[in-house]
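Visitor: One file: structure_17.txt (compact mmCIF, C-alpha atoms).
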```
# COMPACT_ATOMS: atom_id res chain seq x y z
CA MET B 343 79.05 -48.54 -29.40
CA ALA B 344 78.56 -51.15 -26.69
CA GLY B 345 77.16 -49.95 -23.39
CA SER B 346 76.20 -46.47 -24.68
CA THR B 347 72.77 -44.99 -25.29
CA LEU B 348 72.08 -42.80 -28.33
CA THR B 349 69.94 -39.74 -27.63
CA ARG B 350 68.35 -37.26 -30.00
CA PRO B 351 69.93 -33.78 -29.92
CA GLN B 352 67.93 -31.29 -27.89
CA GLN B 353 66.06 -28.81 -30.08
CA LEU B 354 67.39 -25.27 -29.56
CA SER B 355 64.32 -23.36 -30.73
CA PHE B 356 60.68 -23.92 -31.66
CA THR B 357 58.19 -22.57 -34.15
CA PRO B 358 55.44 -20.46 -32.54
CA GLY B 359 52.95 -23.34 -32.83
CA ARG B 360 55.31 -25.82 -31.20
CA ALA B 361 56.26 -23.29 -28.50
CA ALA B 362 52.59 -22.77 -27.69
CA ARG B 363 52.14 -26.52 -27.24
CA GLU B 364 55.28 -26.72 -25.11
CA LEU B 365 53.79 -24.07 -22.79
CA GLY B 366 50.26 -25.51 -22.80
CA LEU B 367 48.80 -22.39 -24.43
CA LYS B 368 46.26 -21.96 -27.18
CA ARG B 369 47.76 -20.24 -30.20
CA ASN B 370 45.86 -16.99 -29.65
CA GLU B 371 47.00 -16.97 -26.01
CA PHE B 372 50.58 -17.53 -27.09
CA ASP B 373 50.41 -14.77 -29.72
CA LEU B 374 49.04 -12.32 -27.17
CA ALA B 375 51.75 -13.25 -24.67
CA VAL B 376 54.35 -12.44 -27.33
CA HIS B 377 52.48 -9.24 -28.19
CA LEU B 378 52.61 -8.13 -24.56
CA GLY B 379 56.26 -9.03 -24.13
CA HIS B 380 55.72 -11.96 -21.76
CA ILE B 381 57.39 -14.38 -24.20
CA ARG B 382 60.43 -13.35 -26.24
CA THR B 383 61.03 -14.52 -29.80
CA VAL B 384 64.17 -14.64 -31.93
CA PRO B 385 64.53 -14.28 -35.71
CA ASP B 386 64.80 -17.44 -37.76
CA GLU B 387 68.23 -17.49 -39.41
CA GLY B 388 66.65 -19.13 -42.42
CA GLY B 389 64.11 -16.35 -42.85
CA GLY B 390 61.15 -18.48 -41.82
CA GLY B 391 59.65 -16.11 -39.29
CA PRO B 392 60.10 -15.73 -35.53
CA ARG B 393 61.04 -18.66 -33.33
CA VAL B 394 61.17 -19.24 -29.58
CA ALA B 395 64.38 -20.43 -27.98
CA ARG B 396 64.19 -23.48 -25.74
CA SER B 397 65.83 -21.41 -23.01
CA GLU B 398 62.86 -19.01 -23.25
CA THR B 399 60.24 -21.74 -22.85
CA ASP B 400 62.25 -23.06 -19.90
CA ARG B 401 62.29 -19.55 -18.37
CA VAL B 402 58.53 -19.14 -18.77
CA ARG B 403 57.81 -22.57 -17.28
CA ALA B 404 60.08 -21.84 -14.30
CA ALA B 405 58.23 -18.62 -13.39
CA ASP B 406 56.20 -18.55 -10.18
CA GLY B 407 52.60 -19.64 -10.63
CA PHE B 408 53.03 -21.09 -14.13
CA PRO B 409 50.80 -21.70 -16.00
CA GLU B 410 47.94 -20.04 -14.09
CA ALA B 411 49.76 -16.71 -13.68
CA LEU B 412 50.53 -16.50 -17.40
CA LEU B 413 46.99 -17.45 -18.38
CA LYS B 414 45.70 -14.71 -16.11
CA ARG B 415 47.91 -12.12 -17.78
CA VAL B 416 46.64 -12.97 -21.27
CA ARG B 417 42.93 -13.41 -20.47
CA VAL B 418 40.81 -11.07 -22.58
CA VAL B 419 37.16 -10.09 -22.17
CA GLY B 420 34.57 -8.29 -24.23
CA THR B 421 32.33 -5.44 -23.20
CA THR B 422 29.83 -7.48 -21.18
CA GLU B 423 32.44 -9.43 -19.22
CA GLY B 424 34.52 -6.29 -18.81
CA ALA B 425 31.58 -4.45 -17.28
CA GLU B 426 30.99 -7.37 -14.90
CA ALA B 427 34.66 -7.41 -13.90
CA MET B 428 34.49 -3.69 -13.03
CA ASP B 429 31.03 -3.97 -11.47
CA ILE B 430 29.53 -1.27 -13.68
CA PRO B 431 26.73 -1.25 -16.26
CA VAL B 432 27.61 -2.18 -19.83
CA GLY B 433 26.66 1.28 -21.05
CA ARG B 434 29.09 2.98 -18.68
CA PHE B 435 31.87 0.58 -19.65
CA THR B 436 31.32 1.40 -23.33
CA ARG B 437 31.41 5.15 -22.62
CA LEU B 438 34.66 4.81 -20.64
CA ALA B 439 36.20 2.78 -23.46
CA ARG B 440 35.17 5.36 -26.05
CA LEU B 441 36.84 8.04 -23.94
CA GLY B 442 40.07 6.08 -23.75
CA VAL B 443 39.88 5.35 -20.03
CA VAL B 444 40.30 1.63 -20.76
CA THR B 445 42.31 0.51 -23.79
CA PRO B 446 41.52 -2.48 -26.03
CA VAL B 447 44.26 -4.97 -26.73
CA ARG B 448 42.55 -6.76 -29.61
CA PHE B 449 39.56 -6.63 -31.91
CA TYR B 450 37.78 -8.89 -34.33
CA LEU B 451 34.85 -8.62 -36.72
CA ASN B 452 31.80 -10.72 -35.96
CA ARG B 453 29.60 -12.32 -38.58
CA TYR B 454 27.70 -9.04 -38.98
CA ARG B 455 31.01 -7.23 -39.65
CA ALA B 456 30.66 -5.31 -36.40
CA VAL B 457 33.87 -4.52 -34.52
CA VAL B 458 34.21 -6.39 -31.21
CA TRP B 459 36.83 -4.88 -28.91
CA LEU B 460 38.67 -7.05 -26.38
CA TYR B 461 40.38 -5.91 -23.17
CA LEU B 462 42.87 -7.43 -20.78
CA ALA B 463 40.90 -8.68 -17.77
CA GLU B 464 43.89 -8.05 -15.51
CA GLU B 465 44.09 -4.38 -16.52
CA LEU B 466 40.38 -3.86 -15.90
CA ALA B 467 40.62 -5.45 -12.45
CA GLN B 468 43.57 -3.23 -11.55
CA PHE B 469 41.73 -0.13 -12.72
CA ALA B 470 38.60 -1.01 -10.74
CA ALA B 471 40.65 -1.74 -7.60
CA ASP B 472 42.22 1.75 -7.60
CA GLU B 473 40.25 3.94 -5.18
CA GLN B 474 41.07 7.01 -7.27
CA ASN B 475 38.80 5.62 -10.00
CA THR B 476 35.78 4.97 -7.76
CA ALA B 477 33.98 8.19 -8.65
CA LEU B 478 34.61 7.70 -12.37
CA LEU B 479 33.14 4.20 -12.18
CA HIS B 480 30.25 4.70 -9.81
CA ALA B 481 29.30 8.39 -9.75
CA ARG B 482 25.74 9.02 -10.80
CA ARG B 483 26.80 11.30 -13.66
CA MET B 484 30.05 11.57 -15.60
CA PRO B 485 31.95 14.88 -15.51
CA GLU B 486 30.57 17.48 -17.88
CA GLY B 487 33.67 17.55 -20.06
CA MET B 488 33.49 13.82 -20.64
CA ARG B 489 29.79 13.98 -21.45
CA GLY B 490 30.52 16.72 -23.96
CA LEU B 491 33.10 14.57 -25.72
CA LEU B 492 30.66 11.69 -25.94
CA ASP B 493 28.01 14.01 -27.37
CA GLU B 494 30.52 14.99 -30.07
CA GLY B 495 30.89 11.33 -31.01
CA VAL B 496 34.43 10.82 -29.69
CA ASP B 497 35.63 7.21 -29.89
CA LEU B 498 39.27 6.67 -28.93
CA ARG B 499 39.17 2.88 -29.09
CA PRO B 500 40.68 2.60 -32.61
CA ARG B 501 43.39 5.17 -31.89
CA ASN B 502 44.34 3.62 -28.57
CA TRP B 503 44.46 0.15 -30.11
CA ARG B 504 46.74 1.51 -32.85
CA ALA B 505 49.07 2.99 -30.23
CA ARG B 506 49.28 -0.34 -28.47
CA HIS B 507 49.75 -2.34 -31.66
CA ARG B 508 52.40 0.10 -32.88
CA GLU B 509 54.43 -0.46 -29.71
CA PHE B 510 54.32 -4.20 -30.38
CA LEU B 511 55.42 -3.86 -34.01
CA LEU B 512 58.28 -1.52 -33.13
CA ARG B 513 59.41 -3.82 -30.33
CA SER B 514 59.41 -6.74 -32.77
CA ALA B 515 61.26 -4.89 -35.55
CA ASP B 516 64.64 -6.43 -36.39
CA GLY B 517 66.16 -3.36 -38.07
CA PRO B 518 65.63 0.24 -39.18
CA TRP B 519 63.69 -0.61 -42.33
CA GLU B 520 61.44 -2.91 -40.31
CA SER B 521 60.86 -0.04 -37.84
CA ALA B 522 60.03 2.32 -40.69
CA GLY B 523 57.62 -0.24 -42.13
CA ALA B 524 55.92 -0.62 -38.75
CA LEU B 525 55.26 3.14 -38.66
CA ALA B 526 54.15 3.23 -42.29
CA ALA B 527 51.57 0.52 -41.58
CA PHE B 528 49.41 3.12 -39.84
CA LEU B 529 49.53 5.80 -42.55
CA ASP B 530 47.38 6.14 -45.63
CA PRO B 531 49.28 5.44 -48.88
CA VAL B 532 48.71 9.06 -49.91
CA GLU B 533 50.54 10.23 -46.78
CA ILE B 534 53.42 7.87 -47.53
CA ALA B 535 53.63 9.06 -51.14
CA GLU B 536 53.88 12.67 -49.95
CA LEU B 537 56.57 11.80 -47.44
CA VAL B 538 58.62 9.34 -49.54
CA ARG B 539 58.97 10.81 -53.02
CA ASP B 540 61.53 8.32 -54.34
CA PRO B 541 59.52 5.45 -55.94
CA TYR B 542 62.28 2.87 -55.37
CA GLU B 543 62.51 3.79 -51.73
CA ARG B 544 58.73 3.76 -51.36
CA SER B 545 58.52 0.32 -52.95
CA TYR B 546 61.25 -0.97 -50.63
CA LEU B 547 59.50 0.51 -47.60
CA ASN B 548 56.25 -1.21 -48.54
CA ARG B 549 58.01 -4.59 -48.35
CA PHE B 550 58.34 -4.07 -44.61
CA ARG B 551 54.78 -2.86 -43.89
CA PRO B 552 53.00 -5.43 -41.69
CA THR B 553 49.52 -6.40 -42.81
CA PRO B 554 46.58 -5.54 -40.53
CA PRO B 555 45.50 -8.35 -38.20
CA HIS B 556 42.33 -10.25 -39.10
CA GLN B 557 42.36 -8.63 -42.53
CA GLY B 558 40.60 -11.43 -44.36
CA ALA B 559 40.56 -11.70 -48.16
CA PRO B 560 41.82 -8.51 -49.89
CA GLY B 561 39.07 -6.33 -51.30
CA THR B 562 36.33 -7.70 -49.07
CA PRO B 563 34.23 -5.40 -46.86
CA ALA B 564 35.90 -6.93 -43.80
CA ALA B 565 39.35 -6.13 -45.20
CA HIS B 566 38.34 -2.52 -45.91
CA LEU B 567 36.98 -2.12 -42.38
CA THR B 568 40.13 -3.56 -40.83
CA GLU B 569 42.33 -1.27 -42.93
CA ARG B 570 40.24 1.70 -41.80
CA ILE B 571 40.80 0.79 -38.15
CA MET B 572 44.54 0.35 -38.83
CA THR B 573 44.92 3.74 -40.54
CA ALA B 574 45.47 6.87 -38.43
CA ASP B 575 42.74 9.47 -38.86
CA ASP B 576 43.48 12.01 -36.12
CA PRO B 577 45.60 15.03 -37.21
CA ASP B 578 47.87 14.85 -34.15
CA GLU B 579 48.38 11.12 -34.61
CA ILE B 580 49.17 11.56 -38.31
CA SER B 581 51.65 14.36 -37.61
CA ARG B 582 53.49 12.27 -35.06
CA LEU B 583 53.62 9.25 -37.36
CA ARG B 584 54.96 11.34 -40.24
CA ARG B 585 57.64 12.83 -38.03
CA ASP B 586 58.67 9.45 -36.59
CA LEU B 587 58.65 7.83 -40.04
CA ALA B 588 60.84 10.59 -41.49
CA GLN B 589 63.39 9.99 -38.73
CA ALA B 590 63.20 6.20 -39.11
CA LEU B 591 63.83 6.55 -42.85
CA GLU B 592 66.91 8.68 -42.23
CA ASP B 593 68.26 5.96 -39.95
CA ALA B 594 67.40 3.24 -42.46
CA ARG B 595 69.11 5.05 -45.36
CA THR B 596 72.27 5.36 -43.32
CA VAL B 597 72.37 1.64 -42.54
CA ARG B 598 71.18 0.28 -45.90
CA PRO B 599 69.95 2.46 -48.80
CA ALA B 600 67.00 1.15 -50.74
CA PRO B 601 68.07 -0.93 -53.76
CA ARG B 602 67.67 0.57 -57.20
CA PRO B 603 68.62 -0.37 -60.79
CA ALA B 604 72.26 0.00 -61.76
CA GLY B 605 73.03 3.54 -62.88
CA GLU B 606 70.07 5.07 -61.06
CA GLN B 607 71.19 7.79 -58.68
CA ARG B 608 69.56 8.22 -55.32
CA PRO B 609 67.90 11.65 -54.92
CA SER B 610 70.03 13.99 -52.86
CA ALA B 611 67.31 14.43 -50.25
CA THR B 612 63.72 13.52 -49.62
CA PRO B 613 61.56 16.58 -48.94
CA PRO B 614 60.73 16.72 -45.24
CA PRO B 615 57.11 16.57 -44.11
CA PRO B 616 55.44 19.94 -43.57
CA PRO B 617 55.64 21.03 -39.93
CA PRO B 618 52.45 20.62 -37.90
CA ASP B 619 50.49 23.69 -36.86
CA GLU B 620 51.45 23.08 -33.25
CA PRO B 621 53.95 20.86 -31.42
CA ALA B 622 52.74 17.29 -31.33
CA GLN B 623 52.02 16.00 -27.86
CA HIS B 624 53.32 12.66 -26.61
CA GLU B 625 50.65 10.11 -27.40
CA ALA B 626 49.83 7.77 -24.52
CA PRO B 627 47.52 4.77 -24.87
CA ARG B 628 44.94 6.54 -22.75
CA GLY B 629 44.14 9.69 -24.74
CA LEU B 630 41.41 11.29 -22.66
CA LEU B 631 43.56 14.04 -21.17
CA GLY B 632 44.83 15.05 -24.59
CA TRP B 633 41.31 15.38 -25.90
CA LEU B 634 40.28 17.43 -22.89
CA ARG B 635 43.33 19.68 -23.33
CA ARG B 636 42.56 20.32 -26.99
CA ARG B 637 38.92 20.95 -26.14
CA SER B 638 39.88 23.52 -23.49
CA ALA B 639 42.28 25.20 -25.94
```
Spell out the structure here as structure tokens.
Guide:
Amino acid sequence: MAGSTLTRPQQLSFTPGRAARELGLKRNEFDLAVHLGHIRTVPDEGGGGPRVARSETDRVRAADGFPEALLKRVRVVGTTEGAEAMDIPVGRFTRLARLGVVTPVRFYLNRYRAVVWLYLAEELAQFAADEQNTALLHARRMPEGMRGLLDEGVDLRPRNWRARHREFLLRSADGPWESAGALAAFLDPVEIAELVRDPYERSYLNRFRPTPPHQGAPGTPAAHLTERIMTADDPDEISRLRRDLAQALEDARTVRPAPRPAGEQRPSATPPPPPPDEPAQHEAPRGLLGWLRRRSA
């Protein structure tokens, strides 16, 4: 048409890789920003995984201080840098992390298959700046109760990471079966088999179980170690997960029963999980107080 200019239609959404480039982020920075809720994703109508709407990338770019402010929020540090950021010795930082005072946001396995925990630099700086934490950071000796827990070998880093990762998976779930799968991802298969007796339902649930991050090739030592970190091992944590999963399954059955062969009847009820010995406490990412309470009891 004379006098007119043809333009390409504006793309309405991006793949995660393209969205990261649009925002000037490395892929691991982008993934962490999504994990923390700083960048929102939408489901792909074609079933190809999450996407990022153009309106969302525009919103992020228009925020005050972009991109420096966003990069600051997703900066992670290891133990040595974390200790420097808090102005404490590395040994004290490690002890505080084991006690759950600071919570890891990521981990990876180094070439020696040792677990390397990573922390949000911004969270560490905020903790160190709080005057209420001065004694905990700089007192000559830790409180006796905390020293006792360390002597017993307490290490809350895996549990606290699981709590954080579980929040992300539940926030990202698109439906009740996805929510149930997110909870099941942290339970041993034996626990799931006890809780979900119907084999068709159990098989359907397993379709929605997210794989552990950084798992590597199945069957390798690294994969086994990652699965061990992903799997709940504390009785209180297991009891809460079983209870939450039982409720999530009830919701999922109401919305969409698990498929089964024609003529197969769904069991009338799935046996409920056995009640815990004591009421489960609300699990917060920082689990030190809970440990101290149980120790006092």
Visitor: B:Pro554, B:Pro601, B:Pro577, B:Gly366: which is nearest Phe408 (chain B), counting all atoms listed in the file?
Guide: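 Counting all atoms listed in the file, the residue closest to Phe408 (chain B) is B:Gly366.
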Visitor: Could you give me, as a list in words, the residues within 10 Å of Arg415 (chain B), counting only C-alpha atoms and dropping anything in the same chain fewer than 4 positions from it?
Guide: Glu371, Leu374, Ala375, Leu378, His380, Glu410, Ala411, Leu462, Ala463, Glu464 and Glu465 of chain B
Visitor: Nearest to Ala404 (chain B) among B:Leu547, B:Ala574, B:Ala588, B:Leu365, with distances taken over only C-alpha atoms: which residue is it?
Guide: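 Comparing B:Leu547, B:Ala574, B:Ala588, B:Leu365 against Ala404 (chain B), the winner is B:Leu365.
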Visitor: Around the point (43.3, -10.5, -19.0) in the file's coordinates, collect all residues with an atom within 10 Å, using only C-alpha atoms, and return them as a ChimeraX atom specification.
Guide: /B:412-419,424,447,460-467
Visitor: Which one of B:Arg582, B:Leu567, B:Thr573, B:Leu441 sits closest to Arg455 (chain B) if you count only C-alpha atoms?
Guide: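 Among B:Arg582, B:Leu567, B:Thr573, B:Leu441, it is B:Leu567 that comes nearest to Arg455 (chain B).
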